[in-house]
Each structure stands twice: as C-alpha cells, then as structure tokens.
>>> print(open('data.tsv').read())   # TSV, C-alpha atoms
chain	number	residue	atom	x	y	z
A	20	MET	CA	0.00	0.00	0.00
A	21	GLU	CA	1.33	3.44	-0.94
A	22	LEU	CA	2.32	5.59	2.03
A	23	THR	CA	0.21	8.75	2.32
A	24	PRO	CA	1.70	12.08	3.46
A	25	TYR	CA	-0.66	12.11	6.44
A	26	TYR	CA	-1.01	10.18	9.66
A	27	GLN	CA	-3.31	10.53	12.66
A	28	LYS	CA	-2.16	11.20	16.17
A	29	ASP	CA	-4.04	10.93	19.48
A	30	ILE	CA	-3.99	14.14	21.51
A	31	GLU	CA	-5.26	14.87	25.01
A	32	CYS	CA	-6.93	18.26	25.34
A	33	LEU	CA	-5.08	20.55	27.76
A	34	HIS	CA	-8.41	22.01	28.90
A	35	CYS	CA	-11.07	19.27	29.09
A	36	LYS	CA	-8.60	16.33	29.21
A	37	LEU	CA	-10.62	14.31	26.67
A	38	LYS	CA	-8.78	12.61	23.81
A	39	PHE	CA	-9.23	13.41	20.11
A	40	LYS	CA	-7.44	12.69	16.84
A	41	THR	CA	-5.48	15.20	14.80
A	42	THR	CA	-3.75	14.89	11.43
A	43	LYS	CA	-0.02	15.48	10.98
A	44	VAL	CA	2.27	15.39	7.91
A	45	ARG	CA	5.04	12.78	7.73
A	46	SER	CA	8.45	14.47	7.79
A	47	LYS	CA	9.64	12.64	4.63
A	48	PHE	CA	6.95	14.55	2.67
A	49	ILE	CA	8.12	17.95	3.95
A	50	LYS	CA	10.77	19.63	1.81
A	51	VAL	CA	11.27	23.39	2.00
A	52	VAL	CA	12.68	24.87	-1.22
A	53	GLU	CA	12.85	28.53	-0.13
A	54	HIS	CA	11.49	31.10	2.32
A	55	ASP	CA	9.67	34.40	1.95
A	56	THR	CA	11.29	37.46	3.53
A	57	ASP	CA	9.18	36.89	6.68
A	58	PHE	CA	10.38	33.26	6.89
A	59	ARG	CA	7.26	31.68	5.38
A	60	PRO	CA	8.40	28.24	4.16
A	61	ILE	CA	7.65	27.42	0.53
A	62	TYR	CA	7.32	23.67	0.11
A	63	GLU	CA	8.33	21.57	-2.87
A	64	ASN	CA	5.01	19.71	-2.79
A	65	LYS	CA	2.33	22.39	-3.21
A	66	GLU	CA	-0.41	19.86	-2.41
A	67	VAL	CA	0.84	19.14	1.13
A	68	ASN	CA	1.08	22.08	3.53
A	69	PRO	CA	2.22	21.20	7.07
A	70	LEU	CA	1.25	24.71	8.24
A	71	LEU	CA	-2.40	23.62	8.13
A	72	TYR	CA	-1.84	21.09	10.91
A	73	ASN	CA	0.07	23.02	13.60
A	74	ILE	CA	-3.05	23.62	15.70
A	75	PHE	CA	-4.75	20.86	17.66
A	76	VAL	CA	-8.49	21.64	17.83
A	77	CYS	CA	-10.32	19.70	20.55
A	78	GLU	CA	-13.50	18.39	18.96
A	79	HIS	CA	-15.15	18.15	22.39
A	80	CYS	CA	-14.66	21.64	23.86
A	81	GLY	CA	-13.09	23.73	21.06
A	82	PHE	CA	-9.94	24.62	23.01
A	83	SER	CA	-7.15	24.86	20.43
A	84	PHE	CA	-3.43	24.69	21.09
A	85	THR	CA	0.02	23.76	19.78
A	86	ASP	CA	2.99	21.85	21.19
A	87	ASP	CA	4.30	25.21	22.44
A	88	PHE	CA	1.40	25.81	24.84
A	89	THR	CA	2.21	25.16	28.50
A	90	LYS	CA	0.13	22.75	30.56
A	91	TYR	CA	-0.22	25.33	33.33
A	92	PHE	CA	-3.48	27.27	33.66
A	93	ALA	CA	-3.43	30.35	35.91
A	94	PRO	CA	-6.20	30.53	38.54
A	95	GLY	CA	-9.54	31.44	36.96
A	96	VAL	CA	-8.38	30.85	33.38
A	97	LYS	CA	-10.12	27.49	32.91
A	98	GLU	CA	-13.42	29.12	33.92
A	99	ILE	CA	-12.90	31.91	31.36
A	100	ILE	CA	-12.11	29.34	28.63
A	101	GLN	CA	-15.18	27.33	29.62
A	102	GLU	CA	-17.36	30.44	29.33
A	103	GLN	CA	-15.89	31.99	26.18
A	104	VAL	CA	-14.94	28.88	24.17
A	105	ALA	CA	-16.32	25.56	25.43
A	106	SER	CA	-19.87	26.72	26.26
A	107	LYS	CA	-20.24	28.19	22.74
A	108	TRP	CA	-18.67	25.22	20.94
A	109	THR	CA	-20.64	22.92	18.66
A	110	PRO	CA	-18.73	19.61	18.60
A	111	ARG	CA	-16.95	19.16	15.29
A	112	SER	CA	-13.74	17.50	14.17
A	113	PHE	CA	-10.71	19.17	12.61
A	114	GLY	CA	-8.97	15.80	12.67
A	115	ASN	CA	-8.85	15.03	8.94
A	116	GLU	CA	-7.10	16.72	6.01
A	117	ARG	CA	-7.67	20.47	6.20
A	118	SER	CA	-8.44	23.05	3.55
A	119	ILE	CA	-6.82	26.49	3.81
A	120	VAL	CA	-10.13	27.83	5.16
A	121	GLU	CA	-10.14	25.17	7.90
A	122	GLY	CA	-6.47	25.89	8.62
A	123	ILE	CA	-7.27	29.59	9.10
A	124	MET	CA	-10.21	28.72	11.37
A	125	ALA	CA	-7.92	26.49	13.45
A	126	TYR	CA	-5.34	29.27	13.83
A	127	LYS	CA	-8.00	31.79	14.87
A	128	LEU	CA	-9.25	29.34	17.50
A	129	GLY	CA	-5.63	28.88	18.60
A	130	ILE	CA	-5.10	32.65	18.89
A	131	LEU	CA	-8.29	33.04	20.96
A	132	SER	CA	-7.41	30.08	23.19
A	133	GLY	CA	-3.83	31.32	23.60
A	134	LYS	CA	-4.95	34.83	24.57
A	135	LEU	CA	-7.46	33.54	27.12
A	136	LYS	CA	-4.89	31.13	28.54
A	137	LYS	CA	-2.31	33.95	28.73
A	138	GLU	CA	0.27	32.16	26.59
A	139	LYS	CA	3.48	34.04	25.77
A	140	PHE	CA	3.30	36.98	23.35
A	141	VAL	CA	5.84	35.20	21.15
A	142	SER	CA	3.51	32.19	20.80
A	143	ILE	CA	0.49	34.33	19.88
A	144	ALA	CA	2.65	36.26	17.38
A	145	GLY	CA	3.68	33.02	15.68
A	146	LEU	CA	0.06	31.92	15.30
A	147	ALA	CA	-0.96	35.30	13.86
A	148	LEU	CA	1.97	35.24	11.42
A	149	ARG	CA	1.03	31.76	10.18
A	150	THR	CA	-2.57	32.94	9.75
A	151	ALA	CA	-1.24	35.77	7.56
A	152	TRP	CA	0.75	33.23	5.52
A	153	LEU	CA	-2.40	31.22	4.81
A	154	TYR	CA	-4.25	34.37	3.74
A	155	ARG	CA	-1.28	35.07	1.44
A	156	LEU	CA	-1.91	31.74	-0.27
A	157	GLN	CA	-5.48	32.90	-0.88
A	158	ASP	CA	-4.33	36.34	-2.16
A	159	LYS	CA	-6.49	37.98	0.53
A	160	ASN	CA	-4.27	41.01	0.99
A	161	GLU	CA	-6.41	42.92	3.51
A	162	GLU	CA	-6.67	39.96	5.89
A	163	GLU	CA	-2.99	39.11	5.42
A	164	ILE	CA	-2.01	42.66	6.44
A	165	ARG	CA	-4.38	42.55	9.44
A	166	PHE	CA	-2.74	39.42	10.81
A	167	MET	CA	0.79	40.61	9.99
A	168	GLU	CA	0.04	43.70	12.08
A	169	ILE	CA	-1.22	41.55	14.97
A	170	ALA	CA	1.94	39.43	14.68
A	171	ARG	CA	4.19	42.52	14.57
A	172	ASP	CA	2.54	44.01	17.67
A	173	ARG	CA	2.78	40.76	19.64
A	174	TYR	CA	6.45	40.29	18.62
A	175	ALA	CA	7.08	43.86	19.83
A	176	ASP	CA	5.35	43.00	23.14
A	177	SER	CA	7.50	39.87	23.37
A	178	TYR	CA	10.69	41.83	22.71
A	179	SER	CA	9.91	44.51	25.30
A	180	SER	CA	8.88	41.94	27.94
A	181	ASP	CA	11.66	39.43	27.09
A	182	ASP	CA	9.13	36.60	26.98
A	183	TYR	CA	10.88	35.00	24.00
A	184	ASN	CA	13.76	34.00	26.28
A	185	GLY	CA	13.91	30.24	26.65
A	186	THR	CA	12.14	29.70	23.30
A	187	GLN	CA	13.54	28.91	19.85
A	188	MET	CA	13.16	32.58	18.90
A	189	SER	CA	16.44	34.52	19.09
A	190	GLU	CA	16.72	38.27	19.72
A	191	THR	CA	18.13	38.81	16.22
A	192	ARG	CA	15.23	36.97	14.62
A	193	ILE	CA	12.52	38.70	16.66
A	194	LEU	CA	13.99	42.13	15.84
A	195	TYR	CA	14.09	41.18	12.16
A	196	LEU	CA	10.46	40.01	12.18
A	197	ILE	CA	9.28	43.21	13.89
A	198	ALA	CA	11.11	45.17	11.18
A	199	GLU	CA	10.05	43.09	8.18
A	200	LEU	CA	6.39	42.85	9.19
A	201	SER	CA	6.41	46.62	9.76
A	202	ARG	CA	7.81	47.07	6.23
A	203	LYS	CA	5.18	44.78	4.76
A	204	ILE	CA	2.29	46.65	6.41
A	205	GLY	CA	3.73	50.02	5.34
A	206	ASP	CA	5.09	51.22	8.69
A	207	ILE	CA	8.45	52.23	7.20
A	208	GLU	CA	9.65	54.35	10.13
A	209	TYR	CA	9.23	51.43	12.57
A	210	ALA	CA	10.79	49.05	10.04
A	211	THR	CA	13.87	51.26	9.61
A	212	ARG	CA	14.34	51.55	13.38
A	213	PHE	CA	14.25	47.79	13.92
A	214	PHE	CA	16.34	46.87	10.86
A	215	SER	CA	18.99	49.18	12.37
A	216	LYS	CA	18.83	47.19	15.63
A	217	VAL	CA	19.39	43.95	13.66
A	218	ILE	CA	22.33	45.34	11.68
A	219	GLU	CA	23.92	46.64	14.92
A	220	LYS	CA	24.20	43.00	16.01
A	221	GLN	CA	26.32	41.93	13.03
A	222	ASN	CA	29.46	41.44	15.14
A	223	SER	CA	27.77	39.49	17.94
A	224	SER	CA	24.98	37.52	16.26
A	225	ILE	CA	25.34	33.85	15.35
A	226	GLU	CA	22.74	34.31	12.60
A	227	PRO	CA	24.62	36.04	9.76
A	228	LYS	CA	21.92	35.10	7.24
A	229	VAL	CA	19.31	37.10	9.17
A	230	ILE	CA	21.73	40.06	9.35
A	231	ASP	CA	22.18	39.86	5.56
A	232	MET	CA	18.40	39.72	5.05
A	233	ALA	CA	18.05	42.87	7.19
A	234	LYS	CA	20.70	44.64	5.10
A	235	ASP	CA	18.87	43.66	1.90
A	236	ARG	CA	15.55	45.01	3.21
A	237	TRP	CA	17.31	48.19	4.43
A	238	GLN	CA	18.71	48.77	0.94
A	239	GLU	CA	15.26	48.21	-0.59
A	240	ILE	CA	13.74	50.83	1.73
A	241	ARG	CA	16.56	53.27	0.96
A	242	ALA	CA	16.20	52.75	-2.80
A	243	GLN	CA	12.44	53.29	-2.53
A	244	LYS	CA	12.91	56.52	-0.54
A	245	GLU	CA	15.42	57.82	-3.11
A	246	LYS	CA	13.01	56.97	-5.92
A	247	GLU	CA	10.16	58.82	-4.17
A	248	ALA	CA	12.40	61.85	-3.53
A	249	ARG	CA	13.13	62.37	-7.24
>>> encode(input="data.tsv", output="structure tokens")
Amino acid sequence: MELTPYYQKDIECLHCKLKFKTTKVRSKFIKVVEHDTDFRPIYENKEVNPLLYNIFVCEHCGFSFTDDFTKYFAPGVKEIIQEQVASKWTPRSFGNERSIVEGIMAYKLGILSGKLKKEKFVSIAGLALRTAWLYRLQDKNEEEIRFMEIARDRYADSYSSDDYNGTQMSETRILYLIAELSRKIGDIEYATRFFSKVIEKQNSSIEPKVIDMAKDRWQEIRAQKEKEAR
C-alpha cells in the first residue's frame, strides 16, 4: 500500500482532558525549497502544507493549542475558557485533512485560546503570522495585512517583555520580524528603526543570514525613498 503524506495522532486536550485525533504530515513529505522574507516556508510539494496542521483543535470543547502551549493554567483561566470557548462550541472534528479555510479557522481558534490562557506573546505572534501566511496563499491582501500587524505588535510585546527567552526565537530573529512585518504593512519608520537594531548586532549575532536579510531590506527601503524623492 502506498504511504500517504498524512497520519493521525491521538492528543489529550489541555483544557477538558478528553482525547481526540489530529492529522499530521510525515516528515519525509516535507521539503522546504525557499522562504519568503518573513520566513514563510515554501514547500516543494504544493499539495501538502504542514502549516495547516500546527493547531490541535479539541473536537469536544473547542480549546485549540500547539505543542508550544504550557500545561499550566493560571487561577480562573479554565473558567474563562469554559465560558468563552467551550460553552459556545458545537462539537466538530478538525482531525482530517484540512483546507486552507479550515487551517485559518484552526489558527483563529488557537489565537483566541492562547490569549485567554495567557500564553506568551511570542507564541500568539507566531500563530498570527502563520494565519497571515495562509491568507497570502489565498491572495487575501487585507486579511494578510491585518494578521501581519497583529503578529508585529505581539512580537514587539514579546521583545519589550523578554518573553521569547527560553524559546527557539532569538533576539536577532525577533527584531528582524518586527522590522520586516512593519515594512510589509507600510510602517516604514518602525521598520527602519528595527532593521537598524538587527544590523547593529552583526558582530555578535550567530545568525549572519538574518543580518544579511536585514541589510537587503534596508537597501530596498533606501532605494524606494530615493526613488520617491526624485
């Protein structure tokens, strides 16, 4: 029998503790050929998009989460989630192959659940950015910009509160994302300020590729300003 790109995994809901199935993509079917300037992975196989399956949506209560969510719930948070998510949830499964629309719905549920649970700013930012990437695939520019702005603001919150410490997100990368998302949504002044912060790290950073990307974007902004000044 031919191996499919997908397999099912049993997950226990962090909130209601009931089990449900979710779909994942086998790693052998995931090959990234390049990245957008905001790190969106572009996959060799256009038919299989692992981004659609990052969020686990509990079919029983609607609470939605990723592997990055902590198991800890602050006092009173479970009651808020029960009231604002679970009590309004009509049981449905997100456990099979997902369309882009279903992927976007899953991310929005994840963002809501993450906010209510008080997950780190850096985690919420990542979910918003991936939502923007899915809207990009649909050429829905207005929605893409809306979620890039949410991601930019949450990354800025993460940077100022240091809540990215202890995660896979480095300071260089978070500064770059704040800058690049600002550029993409048209906030050039903010973009310039944060690209400068990235470039200042060129002698201490262990991510020279990100420094080079920042320099490239900086040059693009400068060229655009010179063009507009003529």
>>> residues_around(input="data.tsv", residues="region 113-117 of chain A", least_positions_apart="2", cutoff="6 Å", atoms="only C-alpha atoms", output="PyMOL selection string")
chain A and resi 40-42+121
>>> write_last_selection(input="data.tsv", atoms="C-alpha atoms", output="compact mmCIF listing (two decimals), in the frame of the given file")
# COMPACT_ATOMS: atom_id res chain seq x y z
CA LYS A 40 -7.44 12.69 16.84
CA THR A 41 -5.48 15.20 14.80
CA THR A 42 -3.75 14.89 11.43
CA GLU A 121 -10.14 25.17 7.90
>>> residues_around(input="data.tsv", residues="Ile61 (chain A)", least_positions_apart="2", cutoff="12 Å", atoms="all atoms listed in the file", output="PyMOL selection string")
chain A and resi 49-59+63-70+152-153+155-156
>>> residues_around(input="data.tsv", residues="Glu102 (chain A)", least_positions_apart="6", cutoff="12 Å", atoms="all atoms listed in the file", output="JSON, numbers by chain")
{"A": [80, 81, 82, 95, 96, 108, 132, 135]}
>>> closest_residue(input="data.tsv", among="A:Lys216, A:Arg111, A:His34, A:Arg149", to="Pro60 (chain A)", atoms="all atoms listed in the file")
A:Arg149
>>> atom_distance(input="data.tsv", atom1="CA of Thr150 (chain A)", atom2="CA of Met167 (chain A)")
8.4 Å
>>> atom_distance(input="data.tsv", atom1="CA of Ala105 (chain A)", atom2="CA of Glu78 (chain A)")
10.1 Å
